[in-house]
Structure formats: C-alpha cells, structure tokens
Amino acid sequence: MNQYQIMIAPLTEADGGGYVAYIPDLQGCMSDGESPEEALANLRDAYSEWIDTYEKLGREVPKPGTYGRAMQAKSREIADRFEKLDAEVKDLQEKAEHFSAWLRFSELTGVDPGGPLPPEFVSKTC
C-alpha cells in the first residue's frame, strides 16, 4: 500500500462528519473514520480486502500511478478536442463574415447570393 497515493479528506456534516481515505488508483478502495489517522487505519483493512477480492475475481490489480496517467491522458484528449472545436468555430465565424458580405453585396447589386454571378461580375482575365 506504500506505493499507492492515498487521499484523505474531511467529510461534511451532511455526510456524517469525520474523514474519508481512498486510493485513487484502486477504484472503490476507500474507508472513513472520525480522524485522519482512523480513516487511514481503516483504509489499510479496506486495501487488503480490495486486493483479495480483485485477485479472487481474476482481475489485474492496477499499478501505482495508473489513475494519474489516465487523468493526464484524458486531460490531453479534452485539450485536443477544444483545439479542434476552436478551429471549427473560427472557420464558422469566417464563413459567417463572408456570408454577411455576400448578403450586403446582394442588397447593393441585386445579385442572388444563392445563384451564379451575372456575366458582368465575372472577371475575364485569370
């Protein structure tokens, strides 16, 4: 248990008060107590039971640090998604600006913005 990060936090009065201790790498491995020390002592028992149960079920026990690495990967994934969304928003803003310009052009010239340009608006030199 010494290799795993242990978190201890106070519980609200609505949750019964005291403290909760848990190991983020081992989902569901937690206990509580009236003091941080008691919560930690109770967590040692919960840890032993958690490991025994996982092994009896034939599951692989996560290595220390797996939760942190998973959260870093998730954070990177979220950041990548935000970058892509930001690029898409900028693209849509640019299209909206061009659309607004075309609408204004249409109002001034009478040209249908959804149709082809009349021959007098098409450049002959390219």
# chains A, B, ... in the order shown; residues from 1 in each chain; ligands from 1

call {"tool": "residues_around", "arguments": {"residues": "stretch 21-31 of chain A", "least_positions_apart": "3", "cutoff": "8 Å", "atoms": "only C-alpha atoms", "output": "JSON, numbers by chain"}}
result
{"A": [4, 5, 6, 7, 8, 9, 36, 39, 40, 42, 43, 46, 47, 50, 61, 62, 63, 64, 65, 66, 67, 68]}

call {"tool": "residues_around", "arguments": {"residues": "A:Pro10", "least_positions_apart": "3", "cutoff": "8 Å", "atoms": "only C-alpha atoms", "output": "JSON, numbers by chain"}}
result
{"A": [17, 18, 19, 20]}

call {"tool": "select_by_dssp", "arguments": {"residues": "chain A", "states": "helix (DSSP H, G or I)", "output": "VMD selection string"}}
result
chain A and resid 13 to 15 36 to 56 66 to 109 119 to 121

call {"tool": "atom_distance", "arguments": {"atom1": "atom CA of A:Lys74", "atom2": "atom CA of A:Lys90"}}
result
24.3 Å

call {"tool": "atom_distance", "arguments": {"atom1": "atom CA of A:Leu57", "atom2": "atom CA of A:Arg69"}}
result
24.5 Å

call {"tool": "residues_around", "arguments": {"residues": "A:Trp102", "least_positions_apart": "6", "cutoff": "12 Å", "atoms": "only C-alpha atoms", "output": "ChimeraX atom specification"}}
result
/A:95-96,108-115,117
